[in-house]
Amino acid sequence: MEFEELKLTLPQKIKYKMKRFFRKLGRNLKELFTRLGVRIKMFFERLGKSIKNGFIDLGKGIKGFFIALWERIKRYGQSFWYGNAQTKISYLFMGVGHMGRGQTVRGVFYLLIEVAFILYMVFFGGNYLAMFLQNIFTGGNVGRTETHVSDVWNDELGEYPIIEGDNSFLIVLYGILSLLLVGFFAYFYFKSVAESFELEQCKIIGRKPDGFKKDAGQFLDNKFHLTLLSAPMVGLLMFTVIPLITMIFIAFTNYDANHEVPQHLFQWVGFENFKDLFTSGSSLGKTFWRVLGWTLVWAVLATFTSYFFGMLLAMLINKKGIKFKKLYRTLFVTTIAVPQFVSLLIMSKMLDTGGGTLGSGGGIITQLIEQIFGYHLKFGIDIQTTRICIVLVNMWIGVPYSMLMCSGILMNIPQDLYESARIDGASPARMFFKITLPYMLFVTGPYLITQFIGNINNFNVIFLLSGGGPGDLMLYTDGAKGTDLLVTWLYKLSLGTDRNYKLASVIGILVFIISAVFSLVVYNKSTAVKGEDNFQ
Amino acid sequence: MRKKDIILEDQKELETPVLHENDVENDVLDEQNPVSVEEAENIVTETEGEAVSELDMTLLTDWEKFDAMEQALEEERKRQRQDRRARRNSPASVKKKKHAGMKFRRIFGNTVGQIVLTVLSILWVIPLFYLFIQSFRKEPGAWSPTFFPQEWTLDNYKRLFLETEFPRWYGNTLLIAVCSCVITTLFVLAVAYAFSRIKFKARKPIMNVMLILGMFPGFMSMTAVYFLLKILLPGYYQSHLSLIIVYSAGAAMSYYVAKGFFDTVPKSLDEAARIDGASRCRTFFQVILPLSKPIIIYTILISFVAPWCDYIFVSYIMAGVPDIGMYTVSLGMYKWLEREMIQQYFTIFCAAAVIVATPITALFMFLQKYYVQGVTGGAVKG
């Protein structure tokens, strides 16, 4: 070796070694950050593409809908032109076209639907629908009369009686219900008209249409999906779709504690609420950005800590030669099995800060830390401490979950990959970063993003641990506190002293937008979704 | 050339000597733990070896000479290591594999792993164990300075059943859980089967709409649901029926896992049944359902546990109910831990928590297999 004549003193040697070490460290870090940068860039590119595809899909859907609608209308006109008198009457009285043509029972059903719809509209829905649509585009009151004291003296009561006004919230609710019913009715109307023309044709060519019995039998066979879906869909429409649409509309009103129904009317205000929230100068705007920031930081921290430690734990448990695998797994899984309101509440009480100063008692963990380190945990008093504690406690719940997830997938990694890596002299750490991690990320990518969205909406951990607190009136207003996520803030805004329904709705919509953006990435990336049709 | 530049650049950057008091220590650490450094270096070494050989040795400073020498040594070491590995893995020397050093390393690694796992699992269970032993604590008050109670008693359990409303809450929750579990399971299976097996026109649009609905925070619509319940059940809206409706009406949205399962049941089974003249209804009930035990159990488990764990909906529906006997366990027990109550009720809360958590945990553990299948299946499918 030609370098052997090089004589160096020990300090020189040390110096050079240090130099080398730092140079390599720097280079590795650089490489890491470049890779990370590329990944992030890729993510955003993919995001952009997904959003674009999403809009294209949406556009296609809307176009398809209108084409179908146009076809319907065209057929509607044609069948009126060519149909005979009975068919023409069925344009006014649904189901008449079915009667006496072999589908009388069906016709009666149609007629009943029409009668019911008209009765509903005349005596109930029409009025609400009108009030709902009255000022929606121009802004103004939702409803006509506000609750007020009458001008006319009532002798029997001995006072000016209070006249009950309209209930703005119910107007929105019933308005949407009526709109949906109008939609359904239109569907049935067009369907009945098309059918009655078809029946006329059948009669001309002499084909016998299906009788009632056969028709009904179809609901257990070819139309079985209608039977299966009807009850769940009614439930979904009534208690999810209609309420949700109502609350979306509430975001465009000024419904809050000052405009409480039924004493007051509230007004349509357009995009005012969104503007208020995004104005960064106002106290509300500042609060919102702070809460949003913490929500995202929390979601990232919670997702990644749980995921990585869960994976490491799974690898450790699955390692060859480890005994009592099942026992360990069971012990870790207990935190998932125990109801969260029990495990998280007891955790929050164990961390309780007592009086907040040294020697003022508190939960067992606080006291133990105080006895050992002489430090008093300010859980629930200091915002940063509380946040750190919450992330740690979340690991307690989240790690076993990821562990369960990862265990199965780890076993599916082709073992020959490891074999060849080992022969090539790769170290265990290197194998982890080059084989295990990429494989896991590839397979569980969708799960990771689902978890991320789940953590944005993680009500339980925050609410049961800290209740969103501690508050800081300098930083947070409108009912929000230091560890509140958007969803826990939403909860507080819908209930109790800080209620502000319009703000809650706006926040709900924003949470939706955040979730939708991230889901779109999964949706477009996931082969499972794409292959869904091929599979069928 | 580029590589040379890099070397020279680095030299400039690091011209100032980095000498600390603990340099010697670092050096020792480096020596002791060559593996970790090597891993980091592997990529760099491969590319730099050639660059150095291209350089004119006479122009090099001491530092560069040292660097090159180290690299050469390292290459040599690496080659040796690879040789060793290749020899070890060659079929001729398989028997020699159980070398004493290797064996020691493996045993050492496993022991460390075992210890880490034991410590972690103890850490994991300690809070729950604390909850359990606190339910036997005799001293009143919320906080005790010691981990173990100073005096043990069963009084907390006695008081829980005799003096509080807990038995009623338990009954309420059980009723709600059973009812909503039945409805939810039926709904989920029906929807999942319909989407998995039957191709109808509205299938894709409905699935997309449900996907979108699922992205709104579930709690957002609560205000409107409250009004709806007020209209539908006038004077009776703060009741268990309301809760059953709230828990099960939206059940259709959580069909994903079940659909994933039905997708894996061979379609030829359906076709065979249909050819034999069975209607879709019969196919569903007599062919597919008997095969779907795991997913049925999973759905039942999830929907049965949900009402026990839910706080958010019950706290909204039951807000301001005068009769606290109407509560479910989660709401009632949450109230016990509020500032005014906690001093009196903390140990009772612990006792109640044990009573509530034990059956649910047992159920969960018993059916863990199905739960894991559900979770993994759902996740990998996205």
# chains A, B, ... in the order shown; residues from 1 in each chain; ligands from 1
$ interface_residues --of "chain B" --to "chain A" --cutoff "6 Å" --atoms "only C-alpha atoms" --output "number ranges by chain"
B: 143, 187, 190-191, 194, 215-216, 220-221, 224-225, 249-250, 252, 279-281, 309, 357, 361, 364, 376, 379, 381-382
$ write_last_selection --atoms "C-alpha atoms" --output "CSV table (one decimal), in the first residue's frame"
chain,number,residue,atom,x,y,z
B,143,TRP,CA,-55.8,11.6,44.0
B,187,PHE,CA,-78.1,-2.6,6.8
B,190,ALA,CA,-77.6,-5.6,2.6
B,191,VAL,CA,-75.8,-2.6,1.2
B,194,ALA,CA,-76.0,-5.1,-3.3
B,215,MET,CA,-65.7,13.0,4.2
B,216,PHE,CA,-67.8,15.4,6.2
B,220,MET,CA,-71.6,18.3,11.7
B,221,SER,CA,-75.1,17.3,10.9
B,224,ALA,CA,-80.2,19.3,12.1
B,225,VAL,CA,-80.6,15.7,13.3
B,249,ALA,CA,-79.6,5.2,10.4
B,250,GLY,CA,-76.2,6.0,8.9
B,252,ALA,CA,-75.1,2.1,5.2
B,279,SER,CA,-83.6,-16.1,-7.1
B,280,ARG,CA,-81.1,-13.4,-6.0
B,281,CYS,CA,-82.8,-13.3,-2.6
B,309,CYS,CA,-67.9,3.9,23.5
B,357,ALA,CA,-64.6,-2.6,30.1
B,361,THR,CA,-62.5,-6.3,26.2
B,364,PHE,CA,-62.9,-8.1,21.6
B,376,THR,CA,-56.2,-5.6,7.4
B,379,ALA,CA,-56.7,-1.2,4.8
B,381,LYS,CA,-57.9,-2.5,-0.3
B,382,GLY,CA,-57.8,1.2,0.5
$ select_by_dssp --residues "range 261-306 of chain B" --states "helix (DSSP H, G or I)" --output "ChimeraX atom specification"
/B:261-264,267-275,280-291,293-306
$ residues_around --residues "range 123-138 of chain A" --least-positions-apart "3" --cutoff "12 Å" --atoms "only C-alpha atoms" --output "count of residues only"
38
$ atom_distance --atom1 "CA of Met341 in chain B" --atom2 "CA of Ser144 in chain B"
16.2 Å
$ closest_residue --among "A:Leu32, A:Leu199, A:Met99, A:Ala186" --to "Leu69 in chain A" --atoms "only C-alpha atoms"
A:Ala186
$ residues_around --residues "Gly211 in chain A" --least-positions-apart "3" --cutoff "8 Å" --atoms "only C-alpha atoms" --output "list in words"
Gly102, Gln103, Lys214 and Asp215 of chain A
$ decode --residues "range 80-168 of chain B" --atoms "C-alpha atoms" --output "CSV table (one decimal), in the first residue's frame"
chain,number,residue,atom,x,y,z
B,80,GLN,CA,-13.3,-9.5,2.9
B,81,ARG,CA,-16.7,-9.3,4.5
B,82,GLN,CA,-18.4,-10.2,1.3
B,83,ASP,CA,-16.2,-13.1,0.8
B,84,ARG,CA,-16.9,-14.3,4.3
B,85,ARG,CA,-20.6,-14.0,3.7
B,86,ALA,CA,-20.4,-15.8,0.4
B,87,ARG,CA,-18.4,-18.6,2.0
B,88,ARG,CA,-20.8,-18.8,4.9
B,89,ASN,CA,-23.8,-19.1,2.6
B,90,SER,CA,-22.2,-21.5,0.2
B,91,PRO,CA,-23.9,-24.9,0.4
B,92,ALA,CA,-20.7,-26.6,1.5
B,93,SER,CA,-20.5,-24.7,4.8
B,94,VAL,CA,-24.1,-24.7,5.8
B,95,LYS,CA,-23.3,-26.8,8.7
B,96,LYS,CA,-20.7,-24.4,9.9
B,97,LYS,CA,-23.4,-21.7,10.1
B,98,LYS,CA,-24.1,-22.3,13.7
B,99,HIS,CA,-20.9,-20.7,14.6
B,100,ALA,CA,-20.4,-19.8,18.2
B,101,GLY,CA,-20.1,-16.1,17.6
B,102,MET,CA,-23.2,-16.0,15.4
B,103,LYS,CA,-25.1,-18.0,18.0
B,104,PHE,CA,-24.1,-15.6,20.7
B,105,ARG,CA,-25.1,-12.6,18.7
B,106,ARG,CA,-28.5,-14.1,17.9
B,107,ILE,CA,-29.2,-15.0,21.5
B,108,PHE,CA,-28.0,-11.6,22.6
B,109,GLY,CA,-30.3,-9.9,20.1
B,110,ASN,CA,-33.3,-12.0,21.1
B,111,THR,CA,-32.7,-11.3,24.8
B,112,VAL,CA,-32.6,-7.6,24.2
B,113,GLY,CA,-35.7,-7.9,22.1
B,114,GLN,CA,-37.4,-9.9,24.7
B,115,ILE,CA,-36.5,-7.4,27.4
B,116,VAL,CA,-37.7,-4.4,25.3
B,117,LEU,CA,-41.0,-6.1,24.6
B,118,THR,CA,-41.5,-7.0,28.2
B,119,VAL,CA,-40.8,-3.5,29.4
B,120,LEU,CA,-43.0,-2.0,26.7
B,121,SER,CA,-45.9,-4.4,27.3
B,122,ILE,CA,-45.8,-3.7,31.0
B,123,LEU,CA,-45.7,0.0,30.3
B,124,TRP,CA,-48.7,-0.5,28.0
B,125,VAL,CA,-50.8,-2.3,30.6
B,126,ILE,CA,-49.9,-0.2,33.6
B,127,PRO,CA,-52.6,2.5,33.2
B,128,LEU,CA,-55.3,-0.1,32.9
B,129,PHE,CA,-53.9,-2.0,35.9
B,130,TYR,CA,-53.9,1.3,37.8
B,131,LEU,CA,-57.5,1.7,36.9
B,132,PHE,CA,-58.2,-1.8,38.1
B,133,ILE,CA,-56.5,-1.5,41.5
B,134,GLN,CA,-57.9,2.0,42.1
B,135,SER,CA,-61.4,0.5,42.0
B,136,PHE,CA,-60.5,-1.3,45.3
B,137,ARG,CA,-59.1,1.8,47.0
B,138,LYS,CA,-60.7,2.7,50.3
B,139,GLU,CA,-59.4,6.2,50.8
B,140,PRO,CA,-61.8,8.7,49.3
B,141,GLY,CA,-60.8,11.6,47.0
B,142,ALA,CA,-59.5,11.8,43.4
B,143,TRP,CA,-55.8,11.6,44.0
B,144,SER,CA,-53.7,9.3,46.0
B,145,PRO,CA,-50.0,9.8,46.3
B,146,THR,CA,-49.2,6.1,46.0
B,147,PHE,CA,-49.7,3.8,43.1
B,148,PHE,CA,-51.2,1.0,45.2
B,149,PRO,CA,-54.1,1.7,47.5
B,150,GLN,CA,-53.2,1.9,51.2
B,151,GLU,CA,-56.4,0.1,52.2
B,152,TRP,CA,-58.3,-2.3,50.0
B,153,THR,CA,-62.1,-2.6,49.9
B,154,LEU,CA,-65.0,-3.7,47.8
B,155,ASP,CA,-67.2,-0.8,48.9
B,156,ASN,CA,-66.8,1.0,45.6
B,157,TYR,CA,-68.6,-1.8,43.8
B,158,LYS,CA,-71.3,-2.0,46.4
B,159,ARG,CA,-71.9,1.7,46.2
B,160,LEU,CA,-71.8,1.5,42.5
B,161,PHE,CA,-74.7,-0.9,42.3
B,162,LEU,CA,-76.7,0.2,45.3
B,163,GLU,CA,-76.3,4.0,45.5
B,164,THR,CA,-75.8,5.2,41.9
B,165,GLU,CA,-77.8,5.1,38.7
B,166,PHE,CA,-75.2,2.9,37.1
B,167,PRO,CA,-77.3,-0.3,36.8
B,168,ARG,CA,-79.9,1.7,34.8
